[in-house]
$ cat entry-v9.cif   # mmCIF, C-alpha atoms and all ligand atoms
data_model
#
loop_
_atom_site.label_atom_id
_atom_site.label_comp_id
_atom_site.auth_asym_id
_atom_site.auth_seq_id
_atom_site.Cartn_x
_atom_site.Cartn_y
_atom_site.Cartn_z
CA MET X 452 51.50 -7.87 -2.34
CA ASP X 453 50.52 -9.14 1.12
CA ARG X 454 46.87 -9.19 1.94
CA ARG X 455 45.29 -8.85 5.38
CA THR X 456 41.70 -10.00 5.68
CA ILE X 457 39.35 -8.22 8.06
CA GLY X 458 36.03 -9.84 8.98
CA ILE X 459 33.11 -7.41 9.09
CA VAL X 460 29.62 -8.34 10.23
CA LEU X 461 27.06 -6.46 8.14
CA ASN X 462 23.72 -6.49 9.94
CA GLY X 463 20.69 -5.24 8.02
CA VAL X 464 22.34 -5.97 4.69
CA THR X 465 19.06 -6.73 2.94
CA GLY X 466 17.95 -3.11 3.50
CA ARG X 467 18.30 -0.13 1.16
CA MET X 468 21.34 1.34 2.87
CA GLY X 469 22.96 -1.89 4.02
CA TYR X 470 22.90 -3.46 0.58
CA ARG X 471 23.41 -0.68 -1.90
CA GLN X 472 25.63 1.86 -0.15
CA HIS X 473 27.52 -0.21 2.40
CA LEU X 474 27.94 -3.64 0.83
CA VAL X 475 27.96 -2.92 -2.92
CA ARG X 476 29.18 0.67 -3.20
CA SER X 477 31.65 0.46 -0.29
CA LEU X 478 33.04 -2.92 0.78
CA LEU X 479 32.67 -4.72 -2.54
CA ALA X 480 33.96 -1.62 -4.34
CA ILE X 481 37.09 -1.76 -2.15
CA ARG X 482 37.53 -5.42 -3.13
CA GLU X 483 37.01 -4.59 -6.81
CA GLY X 484 39.84 -2.07 -6.46
CA GLY X 485 42.10 -4.87 -5.18
CA GLY X 486 41.78 -4.03 -1.47
CA LEU X 487 42.60 -0.98 0.63
CA PRO X 488 46.33 -0.15 0.50
CA LEU X 489 47.81 0.28 3.97
CA ARG X 490 50.91 2.26 4.96
CA ASP X 491 53.13 -0.84 5.08
CA GLY X 492 52.08 -1.87 1.58
CA THR X 493 49.65 -4.56 2.75
CA LEU X 494 46.25 -4.65 1.08
CA LEU X 495 43.31 -4.73 3.48
CA TRP X 496 40.65 -7.13 2.25
CA PRO X 497 37.16 -6.72 3.78
CA GLU X 498 35.37 -10.05 4.27
CA PRO X 499 31.66 -9.36 4.78
CA ILE X 500 29.68 -11.72 7.01
CA LEU X 501 26.07 -11.03 6.07
CA VAL X 502 23.62 -11.04 8.97
CA GLY X 503 19.86 -10.69 8.83
CA ARG X 504 16.57 -12.39 9.62
CA ASP X 505 15.88 -14.15 6.33
CA ASP X 506 18.27 -16.93 5.33
CA ALA X 507 17.05 -17.07 1.72
CA ARG X 508 17.52 -13.34 1.14
CA LEU X 509 21.00 -13.43 2.66
CA ARG X 510 21.94 -16.43 0.54
CA ALA X 511 20.65 -14.67 -2.59
CA ILE X 512 22.86 -11.64 -1.88
CA ALA X 513 25.86 -13.83 -1.11
CA ASP X 514 25.37 -15.81 -4.34
CA ARG X 515 24.93 -12.66 -6.40
CA HIS X 516 28.28 -11.32 -5.23
CA GLY X 517 30.32 -14.50 -4.80
CA LEU X 518 30.32 -14.24 -1.00
CA THR X 519 30.37 -17.30 1.22
CA GLU X 520 29.55 -16.09 4.72
CA TRP X 521 26.03 -15.38 5.94
CA THR X 522 23.93 -16.23 8.99
CA THR X 523 20.72 -15.36 10.80
CA ASP X 524 22.51 -15.89 14.13
CA LEU X 525 24.06 -12.61 15.22
CA GLY X 526 25.51 -14.16 18.40
CA ALA X 527 27.38 -16.78 16.38
CA ALA X 528 28.71 -14.14 13.98
CA LEU X 529 29.94 -12.01 16.89
CA ALA X 530 31.63 -15.01 18.48
CA ARG X 531 33.89 -15.48 15.46
CA PRO X 532 37.48 -14.46 16.21
CA ASP X 533 38.05 -13.42 12.59
CA VAL X 534 35.31 -10.75 12.92
CA GLU X 535 36.83 -7.45 13.99
CA ILE X 536 34.09 -4.97 13.06
CA TYR X 537 30.34 -4.93 13.62
CA PHE X 538 28.35 -2.74 11.23
CA ASP X 539 24.67 -1.92 11.71
CA ALA X 540 22.21 -0.76 9.04
CA GLN X 541 19.11 -2.32 10.57
CA VAL X 542 15.93 -0.41 11.23
CA THR X 543 16.67 2.14 13.91
CA ASN X 544 14.75 0.70 16.86
CA VAL X 545 16.69 -2.59 17.02
CA ARG X 546 20.15 -1.03 16.63
CA GLU X 547 21.00 -0.27 20.24
CA LYS X 548 20.61 -3.85 21.46
CA ALA X 549 22.72 -5.25 18.63
CA ILE X 550 25.50 -2.70 19.15
CA ARG X 551 25.57 -3.47 22.86
CA ALA X 552 26.04 -7.16 22.03
CA ALA X 553 28.82 -6.33 19.59
CA VAL X 554 30.62 -4.12 22.12
CA ALA X 555 30.31 -6.88 24.71
CA ALA X 556 31.92 -9.23 22.17
CA GLY X 557 34.84 -6.79 21.84
CA LYS X 558 34.17 -5.77 18.23
CA HIS X 559 34.84 -2.33 16.79
CA ILE X 560 31.59 -0.58 15.92
CA TYR X 561 30.54 1.20 12.75
CA THR X 562 26.90 2.15 12.36
CA GLU X 563 24.24 4.01 10.48
CA LYS X 564 22.56 6.92 12.20
CA PRO X 565 20.64 7.54 14.40
CA THR X 566 22.78 5.47 16.76
CA ALA X 567 19.93 4.84 19.22
CA GLY X 568 16.27 5.64 19.84
CA ASP X 569 16.99 8.29 22.46
CA LEU X 570 19.83 10.34 23.89
CA ALA X 571 20.27 8.21 27.00
CA GLY X 572 20.73 5.12 24.82
CA ALA X 573 23.10 6.88 22.42
CA VAL X 574 25.30 8.19 25.25
CA GLU X 575 25.32 4.79 26.90
CA LEU X 576 26.55 3.16 23.67
CA ALA X 577 29.39 5.69 23.41
CA ARG X 578 30.34 5.12 27.06
CA LEU X 579 30.21 1.34 26.75
CA ALA X 580 32.34 1.39 23.60
CA ASP X 581 34.92 3.66 25.25
CA ALA X 582 34.98 1.49 28.36
CA ALA X 583 35.48 -1.64 26.26
CA GLY X 584 38.34 0.04 24.40
CA VAL X 585 36.82 -0.62 20.97
CA LYS X 586 36.92 1.89 18.16
CA HIS X 587 33.67 3.37 16.94
CA GLY X 588 32.30 5.34 14.04
CA VAL X 589 28.99 6.65 12.73
CA VAL X 590 28.00 7.20 9.09
CA GLN X 591 27.97 10.93 8.28
CA ASP X 592 27.67 10.61 4.53
CA LYS X 593 26.34 14.08 3.73
CA LEU X 594 29.74 15.55 4.57
CA PHE X 595 31.18 13.66 1.63
CA LEU X 596 28.66 14.91 -0.93
CA PRO X 597 30.36 16.91 -3.70
CA GLY X 598 28.03 19.90 -3.19
CA LEU X 599 28.74 20.07 0.53
CA ARG X 600 32.46 19.49 0.01
CA LYS X 601 32.50 22.56 -2.23
CA LEU X 602 30.52 24.49 0.35
CA ASP X 603 32.99 23.44 3.03
CA ARG X 604 35.82 24.60 0.78
CA LEU X 605 34.18 28.03 0.45
CA VAL X 606 33.78 28.31 4.23
CA LYS X 607 37.40 27.28 4.88
CA GLY X 608 38.61 29.68 2.18
CA GLY X 609 36.84 32.61 3.84
CA PHE X 610 34.58 33.28 0.86
CA PHE X 611 31.54 34.31 2.91
CA GLY X 612 33.05 36.92 5.22
CA ARG X 613 30.80 36.80 8.29
CA ILE X 614 28.22 34.06 7.83
CA LEU X 615 24.75 35.31 8.65
CA SER X 616 22.33 32.55 7.85
CA ILE X 617 21.81 29.14 6.33
CA ARG X 618 18.51 28.03 4.86
CA GLY X 619 18.13 24.39 4.00
CA GLU X 620 15.34 22.80 2.04
CA PHE X 621 15.17 19.01 2.09
CA GLY X 622 12.46 16.75 0.86
CA TYR X 623 10.25 15.34 -1.83
CA TRP X 624 6.85 13.76 -2.16
CA VAL X 625 6.78 10.25 -0.69
CA PHE X 626 3.78 8.50 -2.16
CA GLU X 627 1.13 7.39 0.29
CA GLY X 628 1.23 3.85 -1.12
CA ASP X 629 -2.36 3.43 -2.25
CA TRP X 630 -2.49 4.33 -5.92
CA GLN X 631 1.32 4.35 -6.35
CA PRO X 632 3.69 2.37 -4.07
CA ALA X 633 5.67 4.44 -1.56
CA GLN X 634 9.37 4.88 -2.35
CA ARG X 635 10.44 4.65 1.31
CA PRO X 636 9.93 1.78 3.79
CA SER X 637 6.69 2.00 5.82
CA TRP X 638 8.53 1.80 9.18
CA ASN X 639 9.72 5.36 8.49
CA TYR X 640 6.14 6.51 9.19
CA ARG X 641 5.57 4.57 12.44
CA THR X 642 6.95 5.94 15.70
CA ALA X 643 6.99 2.50 17.35
CA ASP X 644 9.39 1.26 14.66
CA GLY X 645 11.79 4.18 15.05
CA GLY X 646 10.34 6.22 12.19
CA GLY X 647 9.88 9.97 11.85
CA ILE X 648 11.61 12.67 9.86
CA THR X 649 12.99 14.50 12.92
CA VAL X 650 14.83 11.46 14.22
CA ASP X 651 15.93 10.64 10.67
CA MET X 652 17.14 14.03 9.44
CA PHE X 653 18.15 16.12 12.48
CA PRO X 654 21.20 13.88 13.10
CA HIS X 655 22.31 14.69 9.53
CA TRP X 656 21.70 18.40 9.99
CA HIS X 657 23.60 18.30 13.25
CA TYR X 658 26.87 17.07 11.77
CA VAL X 659 26.51 19.21 8.65
CA LEU X 660 26.07 22.34 10.76
CA GLU X 661 28.63 21.44 13.41
CA GLN X 662 31.37 20.37 11.03
CA ILE X 663 30.99 22.84 8.18
CA PHE X 664 29.83 25.87 10.17
CA ALA X 665 29.70 25.90 13.97
CA PRO X 666 28.25 23.99 16.93
CA VAL X 667 24.46 24.16 17.41
CA ARG X 668 23.56 25.99 20.62
CA ALA X 669 19.74 26.14 20.50
CA VAL X 670 16.81 24.68 18.59
CA THR X 671 13.22 25.70 17.86
CA ALA X 672 11.04 23.44 15.75
CA HIS X 673 7.59 22.77 14.45
CA VAL X 674 7.03 19.09 13.77
CA THR X 675 3.93 17.59 12.22
CA THR X 676 2.37 14.64 10.43
CA HIS X 677 0.86 16.01 7.25
CA ILE X 678 -0.25 12.63 5.86
CA PRO X 679 -1.85 10.61 8.67
CA ARG X 680 -2.75 7.48 6.67
CA ARG X 681 -0.47 5.49 4.38
CA TRP X 682 -0.35 2.05 2.76
CA ASP X 683 2.46 -0.40 3.52
CA GLU X 684 4.53 -2.74 1.35
CA SER X 685 1.72 -5.29 1.20
CA GLY X 686 -0.91 -2.71 0.30
CA GLN X 687 -2.44 -2.56 3.81
CA PRO X 688 -3.50 0.84 5.16
CA TYR X 689 -1.87 1.95 8.41
CA GLU X 690 -1.88 4.99 10.64
CA ALA X 691 1.21 7.14 10.10
CA THR X 692 2.09 7.81 13.73
CA ALA X 693 5.46 9.42 13.00
CA ASP X 694 6.15 12.97 11.87
CA ASP X 695 6.68 13.51 8.15
CA ALA X 696 7.74 17.18 8.26
CA ALA X 697 9.99 19.13 10.62
CA TYR X 698 10.57 22.85 10.32
CA GLY X 699 13.62 23.65 12.43
CA ILE X 700 15.55 26.76 13.44
CA PHE X 701 19.04 26.11 14.75
CA GLU X 702 21.12 28.82 16.41
CA LEU X 703 24.84 28.28 15.95
CA ASP X 704 27.89 29.66 17.68
CA GLY X 705 28.70 33.15 16.45
CA GLY X 706 25.07 34.14 15.93
CA VAL X 707 24.59 32.18 12.69
CA VAL X 708 20.95 31.18 12.14
CA ALA X 709 20.19 27.97 10.27
CA GLN X 710 16.64 27.26 9.23
CA ILE X 711 16.08 23.84 7.70
CA ASN X 712 12.80 22.45 6.40
CA SER X 713 12.64 18.66 6.15
CA SER X 714 9.57 17.13 4.55
CA TRP X 715 8.31 13.99 2.87
CA ALA X 716 5.18 15.90 1.90
CA VAL X 717 6.60 18.51 -0.44
CA ARG X 718 6.95 18.59 -4.21
CA VAL X 719 10.32 19.52 -5.62
CA TYR X 720 10.78 22.86 -7.35
CA ARG X 721 14.51 23.00 -6.77
CA ASP X 722 17.55 21.71 -8.59
CA GLU X 723 18.34 19.02 -6.03
CA LEU X 724 16.57 17.05 -3.27
CA VAL X 725 18.47 18.99 -0.65
CA GLU X 726 19.77 22.53 -1.02
CA PHE X 727 21.41 24.91 1.41
CA GLN X 728 21.64 28.63 0.79
CA VAL X 729 24.33 30.35 2.83
CA ASP X 730 24.40 34.13 3.04
CA GLY X 731 27.45 36.00 4.27
CA THR X 732 28.61 39.60 4.25
CA GLU X 733 31.02 38.96 1.35
CA GLY X 734 29.00 36.49 -0.67
CA SER X 735 26.37 33.77 -0.84
CA ALA X 736 26.27 30.18 -2.03
CA VAL X 737 23.63 27.60 -2.86
CA ALA X 738 24.85 24.03 -2.47
CA GLY X 739 23.03 20.79 -3.25
CA LEU X 740 24.09 17.16 -3.35
CA ARG X 741 26.40 17.71 -6.30
CA ASN X 742 26.44 21.33 -7.35
CA CYS X 743 27.33 24.60 -5.73
CA ARG X 744 26.79 28.13 -7.03
CA ILE X 745 28.01 31.42 -5.65
CA GLN X 746 27.31 35.12 -5.88
CA HIS X 747 29.99 37.50 -4.63
CA ARG X 748 29.08 40.90 -3.16
CA SER X 749 30.85 42.51 -6.11
CA THR X 750 28.45 40.86 -8.55
CA THR X 751 25.31 41.14 -6.45
CA PRO X 752 22.55 42.87 -8.45
CA LYS X 753 20.25 45.43 -6.87
CA PRO X 754 16.66 44.25 -7.26
CA VAL X 755 14.00 46.84 -6.50
CA TRP X 756 10.65 45.71 -5.12
CA ASN X 757 7.90 46.74 -7.48
CA PRO X 758 4.93 44.37 -7.75
CA ASP X 759 3.41 46.50 -10.50
CA LEU X 760 6.00 45.34 -13.02
CA PRO X 761 6.97 41.83 -14.11
CA ALA X 762 10.44 40.75 -12.94
CA THR X 763 13.02 41.42 -15.63
CA GLU X 764 16.03 39.82 -13.93
CA GLN X 765 16.87 36.15 -14.45
CA PHE X 766 17.92 35.63 -10.82
CA ARG X 767 19.28 32.10 -11.26
CA GLU X 768 21.57 33.26 -14.04
CA GLN X 769 23.28 35.72 -11.74
CA TRP X 770 25.19 32.94 -9.96
CA GLN X 771 28.51 31.36 -10.84
CA VAL X 772 29.21 27.61 -10.79
CA VAL X 773 31.88 26.40 -8.36
CA PRO X 774 34.12 23.96 -10.24
CA ASP X 775 34.82 20.45 -8.90
CA ASN X 776 38.62 20.86 -8.97
CA GLU X 777 38.94 17.30 -7.65
CA GLU X 778 37.41 13.92 -8.18
CA PHE X 779 34.60 13.08 -5.79
CA ARG X 780 34.21 9.41 -4.97
CA ASN X 781 31.29 7.62 -3.34
CA GLY X 782 31.07 9.18 0.12
CA PHE X 783 30.03 5.97 1.86
CA GLN X 784 33.09 4.16 0.47
CA GLU X 785 35.35 7.05 1.41
CA GLN X 786 34.09 7.03 4.98
CA TRP X 787 34.42 3.24 5.21
CA GLU X 788 38.04 3.53 4.11
CA LEU X 789 38.73 6.16 6.76
CA PHE X 790 37.13 3.97 9.41
CA LEU X 791 39.08 0.88 8.31
CA ARG X 792 42.33 2.88 8.52
CA HIS X 793 41.26 4.07 11.96
CA VAL X 794 40.80 0.45 13.06
CA VAL X 795 43.94 -1.07 11.58
CA GLU X 796 46.35 1.86 11.46
CA ASP X 797 45.04 4.02 14.28
CA GLU X 798 44.43 6.97 11.98
CA PRO X 799 42.34 9.70 13.66
CA TYR X 800 38.59 9.50 13.18
CA THR X 801 36.26 12.14 14.56
CA TRP X 802 32.84 10.82 13.54
CA ASP X 803 32.40 8.52 16.55
CA LEU X 804 29.51 7.41 18.74
CA TRP X 805 29.80 10.68 20.68
CA ALA X 806 29.24 12.62 17.46
CA GLY X 807 26.34 10.24 16.77
CA ALA X 808 24.93 10.93 20.25
CA ARG X 809 25.04 14.70 19.61
CA GLY X 810 22.94 14.08 16.49
CA VAL X 811 20.41 12.05 18.48
CA GLN X 812 20.41 14.81 21.10
CA LEU X 813 19.45 17.42 18.52
CA ALA X 814 16.62 15.23 17.24
CA GLU X 815 15.35 14.67 20.77
CA LEU X 816 15.55 18.36 21.71
CA GLY X 817 13.96 19.36 18.39
CA ALA X 818 11.01 17.06 19.09
CA GLN X 819 10.76 18.42 22.64
CA ALA X 820 10.93 22.03 21.41
CA ALA X 821 8.05 21.28 19.04
CA ARG X 822 5.99 19.50 21.69
CA GLU X 823 6.42 22.26 24.24
CA GLY X 824 6.31 25.13 21.75
CA ARG X 825 9.56 26.70 22.93
CA ARG X 826 13.24 27.30 22.16
CA ILE X 827 15.62 24.86 23.81
CA GLU X 828 19.34 25.33 24.42
CA VAL X 829 21.57 22.39 23.58
CA PRO X 830 23.70 21.34 26.57
CA GLU X 831 27.24 19.98 26.07
CA LEU X 832 27.38 16.19 26.28
CA GLY X 833 29.66 14.87 29.01
CA ALA X 834 31.77 11.77 28.32
N1 LIG Q 901 22.96 7.70 5.96
C1 LIG Q 901 21.88 7.88 5.26
O1 LIG Q 901 21.80 8.72 4.38
C2 LIG Q 901 20.67 7.04 5.52
C3 LIG Q 901 19.63 6.99 4.58
C4 LIG Q 901 18.54 6.18 4.82
C5 LIG Q 901 18.48 5.41 5.99
N2 LIG Q 901 19.51 5.50 6.88
C6 LIG Q 901 19.48 4.70 8.12
O2 LIG Q 901 19.77 3.35 7.79
C7 LIG Q 901 18.96 2.46 8.55
C8 LIG Q 901 18.23 1.50 7.59
O3 LIG Q 901 17.37 2.25 6.76
P1 LIG Q 901 16.89 1.70 5.33
O4 LIG Q 901 16.26 2.85 4.66
O5 LIG Q 901 18.00 0.95 4.69
O6 LIG Q 901 15.74 0.71 5.80
P2 LIG Q 901 15.26 -0.66 5.14
O7 LIG Q 901 13.90 -0.90 5.66
O8 LIG Q 901 15.48 -0.68 3.69
O9 LIG Q 901 16.27 -1.75 5.76
C9 LIG Q 901 16.21 -2.10 7.11
C10 LIG Q 901 17.00 -3.37 7.38
O10 LIG Q 901 16.71 -3.78 8.73
C11 LIG Q 901 16.14 -5.07 8.72
N3 LIG Q 901 15.04 -5.11 9.68
C12 LIG Q 901 13.80 -4.66 9.53
N4 LIG Q 901 13.08 -4.88 10.67
C13 LIG Q 901 13.90 -5.47 11.52
C14 LIG Q 901 13.74 -5.99 12.84
N5 LIG Q 901 12.59 -5.88 13.50
N6 LIG Q 901 14.79 -6.57 13.38
C15 LIG Q 901 15.96 -6.66 12.72
N7 LIG Q 901 16.17 -6.20 11.47
C16 LIG Q 901 15.14 -5.62 10.89
C17 LIG Q 901 15.60 -5.30 7.34
O11 LIG Q 901 15.54 -6.68 7.06
C18 LIG Q 901 16.62 -4.55 6.49
O12 LIG Q 901 17.76 -5.36 6.29
C19 LIG Q 901 18.05 3.33 9.40
O13 LIG Q 901 18.56 3.40 10.71
C20 LIG Q 901 18.11 4.69 8.76
O14 LIG Q 901 17.99 5.74 9.70
C21 LIG Q 901 20.58 6.28 6.66
#
$ encode --input "entry-v9.cif" --output "structure tokens"
Amino acid sequence: MDRRTIGIVLNGVTGRMGYRQHLVRSLLAIREGGGLPLRDGTLLWPEPILVGRDDARLRAIADRHGLTEWTTDLGAALARPDVEIYFDAQVTNVREKAIRAAVAAGKHIYTEKPTAGDLAGAVELARLADAAGVKHGVVQDKLFLPGLRKLDRLVKGGFFGRILSIRGEFGYWVFEGDWQPAQRPSWNYRTADGGGITVDMFPHWHYVLEQIFAPVRAVTAHVTTHIPRRWDESGQPYEATADDAAYGIFELDGGVVAQINSSWAVRVYRDELVEFQVDGTEGSAVAGLRNCRIQHRSTTPKPVWNPDLPATEQFREQWQVVPDNEEFRNGFQEQWELFLRHVVEDEPYTWDLWAGARGVQLAELGAQAAREGRRIEVPELGA
């Protein structure tokens, strides 16, 4: 079978997301499968060009996976005619500049979220990419999670009747780093480095709400830094300048209210690290990363409030498991494949830099709502 090679610059490939999800679980997984089959029978073969700041770490990754192309010179990588796509999984605050350079070099853009540090920057990237005629996409991995796919199926199938509310609970305890090392990079807790849970998670909540339920029309939020002092990767104490918890209320089209708590200072008493409960007139669902449970109105019990007696109902047992009914693959790989088809076969692709900009917009407005202590309506973004 014919093979067509496509050069892809992977910038930030030594990081958690760049290495594990995008290189190993996506592009190398496509190669392990023999390449991505195209409509004309050709196999698309991704050729990663690893880019980063540390030559030795890039070389180690290349050696580990039998790759031959790596460099610390982004300009040189972008100048290569065999490179068609630029992918960015760097820390957030250096992304915008690198994407601008890649657009100027005429490369198609695929990137982690948030696409830029602020809305103006995110919109400008989308405009520049459109003007240059390059294709663009933003990672929206949560949409591909099995739990949320099942939830989406319930919405599309009309299970809920009229949807009333969504309550999301995301988070876990991120260790401060003194007596046990932190399990997230320290830049996440410094505003100057692009950290903060609002800027990190509101873009995710934006596409989850917009694409599974309805567009977000207004936001109210309380944002705070619960843990003001942390210890970094080398054991040094630092001031945590970024927010580590954001309590948001999002009003959606059709009067649906979504309330989502995001926190790195909460201990988990849930089944999964993120869970959404959706209540509708006909039924309710609780969806996590993998699982989804439902309760139909016909099987809804009638609890009676009486604090004088111990609860007799086993509430969790009154829900029914939604079956998989399909095989769920790694969401990052699935989205990469869709983007590659968009680039080489012109297949439609909706998760572009404009969608990314709407996510950044919600984060920015959420932070503003918190700062000013008020509800803020979300204006439409013009192209
Ligand atoms: N889609 C998701 O679910 C998801 C999850 C986590 C993080 N992210 C996003 O992915 C990006 C990377 O996050 P991560 O958790 O992998 O971080 P990380 O710290 O593990 O990796 C960051 C990468 O950027 C590089 N880097 C660090 N400082 C840099 C600088 N000053 N200049 C250039 N490169 C620099 C590092 O070498 C590393 O390769 C962030 O933008 C984050 O918002 C997305």
$ residues_around --input "entry-v9.cif" --residues "segment 508-517 of chain X" --least-positions-apart "2" --cutoff "10 Å" --atoms "only C-alpha atoms" --output "ChimeraX atom specification"
/X:463-465,470,474-475,479,499-506,519-523
$ write_last_selection --input "entry-v9.cif" --atoms "C-alpha atoms" --output "PDB file, keeping the file's coordinate frame"
ATOM      1  CA  GLY X 463      20.690  -5.240   8.020  1.00  0.00           C
ATOM      2  CA  VAL X 464      22.340  -5.970   4.690  1.00  0.00           C
ATOM      3  CA  THR X 465      19.060  -6.730   2.940  1.00  0.00           C
ATOM      4  CA  TYR X 470      22.900  -3.460   0.580  1.00  0.00           C
ATOM      5  CA  LEU X 474      27.940  -3.640   0.830  1.00  0.00           C
ATOM      6  CA  VAL X 475      27.960  -2.920  -2.920  1.00  0.00           C
ATOM      7  CA  LEU X 479      32.670  -4.720  -2.540  1.00  0.00           C
ATOM      8  CA  PRO X 499      31.660  -9.360   4.780  1.00  0.00           C
ATOM      9  CA  ILE X 500      29.680 -11.720   7.010  1.00  0.00           C
ATOM     10  CA  LEU X 501      26.070 -11.030   6.070  1.00  0.00           C
ATOM     11  CA  VAL X 502      23.620 -11.040   8.970  1.00  0.00           C
ATOM     12  CA  GLY X 503      19.860 -10.690   8.830  1.00  0.00           C
ATOM     13  CA  ARG X 504      16.570 -12.390   9.620  1.00  0.00           C
ATOM     14  CA  ASP X 505      15.880 -14.150   6.330  1.00  0.00           C
ATOM     15  CA  ASP X 506      18.270 -16.930   5.330  1.00  0.00           C
ATOM     16  CA  THR X 519      30.370 -17.300   1.220  1.00  0.00           C
ATOM     17  CA  GLU X 520      29.550 -16.090   4.720  1.00  0.00           C
ATOM     18  CA  TRP X 521      26.030 -15.380   5.940  1.00  0.00           C
ATOM     19  CA  THR X 522      23.930 -16.230   8.990  1.00  0.00           C
ATOM     20  CA  THR X 523      20.720 -15.360  10.800  1.00  0.00           C
TER      21      THR X 523
END
$ atom_distance --input "entry-v9.cif" --atom1 "atom CA of Tyr800 of chain X" --atom2 "atom CA of Arg455 of chain X"
21.0 Å
$ residues_near_ligand --input "entry-v9.cif" --ligand "ligand LIG 901 (chain Q)" --cutoff "7 Å" --atoms "only C-alpha atoms and all ligand atoms" --output "ChimeraX atom specification"
/X:463-469,503-504,540-543,545,563-565,590-592,635-636,638,651
$ write_last_selection --input "entry-v9.cif" --atoms "C-alpha atoms" --output "CSV table (one decimal), in the frame of the given file"
chain,number,residue,atom,x,y,z
X,463,GLY,CA,20.7,-5.2,8.0
X,464,VAL,CA,22.3,-6.0,4.7
X,465,THR,CA,19.1,-6.7,2.9
X,466,GLY,CA,18.0,-3.1,3.5
X,467,ARG,CA,18.3,-0.1,1.2
X,468,MET,CA,21.3,1.3,2.9
X,469,GLY,CA,23.0,-1.9,4.0
X,503,GLY,CA,19.9,-10.7,8.8
X,504,ARG,CA,16.6,-12.4,9.6
X,540,ALA,CA,22.2,-0.8,9.0
X,541,GLN,CA,19.1,-2.3,10.6
X,542,VAL,CA,15.9,-0.4,11.2
X,543,THR,CA,16.7,2.1,13.9
X,545,VAL,CA,16.7,-2.6,17.0
X,563,GLU,CA,24.2,4.0,10.5
X,564,LYS,CA,22.6,6.9,12.2
X,565,PRO,CA,20.6,7.5,14.4
X,590,VAL,CA,28.0,7.2,9.1
X,591,GLN,CA,28.0,10.9,8.3
X,592,ASP,CA,27.7,10.6,4.5
X,635,ARG,CA,10.4,4.6,1.3
X,636,PRO,CA,9.9,1.8,3.8
X,638,TRP,CA,8.5,1.8,9.2
X,651,ASP,CA,15.9,10.6,10.7
$ residues_around --input "entry-v9.cif" --residues "Leu789 of chain X" --least-positions-apart "5" --cutoff "12 Å" --atoms "all atoms listed in the file" --output "PyMOL selection string"
chain X and resi 477+487-489+561+587-591+595+782-784+794-803
$ atom_distance --input "entry-v9.cif" --atom1 "atom CA of Ala573 of chain X" --atom2 "atom CA of Pro666 of chain X"
18.7 Å
$ closest_residue --input "entry-v9.cif" --among "X:Glu620, X:Glu777, X:Asp683, X:Asp722" --to "Gln634 of chain X" --atoms "all atoms listed in the file"
X:Asp683
$ atom_distance --input "entry-v9.cif" --atom1 "atom CA of Arg748 of chain X" --atom2 "atom CA of Trp770 of chain X"
11.2 Å
$ residues_around --input "entry-v9.cif" --residues "Leu804 of chain X" --least-positions-apart "2" --cutoff "6 Å" --atoms "all atoms listed in the file" --output "list in words"
Ala577, Gly588, Ala806, Gly807 and Ala808 of chain X
$ write_last_selection --input "entry-v9.cif" --atoms "C-alpha atoms" --output "PDB file, keeping the file's coordinate frame"
ATOM      1  CA  ALA X 577      29.390   5.690  23.410  1.00  0.00           C
ATOM      2  CA  GLY X 588      32.300   5.340  14.040  1.00  0.00           C
ATOM      3  CA  ALA X 806      29.240  12.620  17.460  1.00  0.00           C
ATOM      4  CA  GLY X 807      26.340  10.240  16.770  1.00  0.00           C
ATOM      5  CA  ALA X 808      24.930  10.930  20.250  1.00  0.00           C
TER       6      ALA X 808
END
$ closest_residue --input "entry-v9.cif" --among "X:Ala818, X:Arg718, X:Ala633, X:Asp491" --to "Thr675 of chain X" --atoms "only C-alpha atoms"
X:Ala818
$ closest_residue --input "entry-v9.cif" --among "X:Gly622, X:Gly699, X:Gly647, X:Gly686" --to "Tyr720 of chain X" --atoms "all atoms listed in the file"
X:Gly622
$ closest_residue --input "entry-v9.cif" --among "X:Pro752, X:Gly485, X:Gly739, X:Pro532" --to "Val772 of chain X" --atoms "only C-alpha atoms"
X:Gly739
$ axis_aligned_box --input "entry-v9.cif" --around "segment 685-691 of chain X" --padding-each-side "8 Å" --output "JSON"
{"center_x": -0.9, "center_y": 0.9, "center_z": 5.5, "size_x": 21.2, "size_y": 28.4, "size_z": 26.3}
$ closest_residue --input "entry-v9.cif" --among "X:Glu575, X:Asp581, X:Asp539, X:Asp694" --to "Ser714 of chain X" --atoms "all atoms listed in the file"
X:Asp694
$ closest_residue --input "entry-v9.cif" --among "X:Cys743, X:Ala736, X:Val707, X:Val674" --to "Ala820 of chain X" --atoms "all atoms listed in the file"
X:Val674
$ residues_around --input "entry-v9.cif" --residues "segment 653-661 of chain X" --least-positions-apart "2" --cutoff "7 Å" --atoms "all atoms listed in the file" --output "list in words"
Pro565, Gln591, Leu594, Thr649, Val650, Asp651, Ile663, Phe664, Ala665, Pro666, Val667, Gly810, Val811, Leu813 and Ala814 of chain X
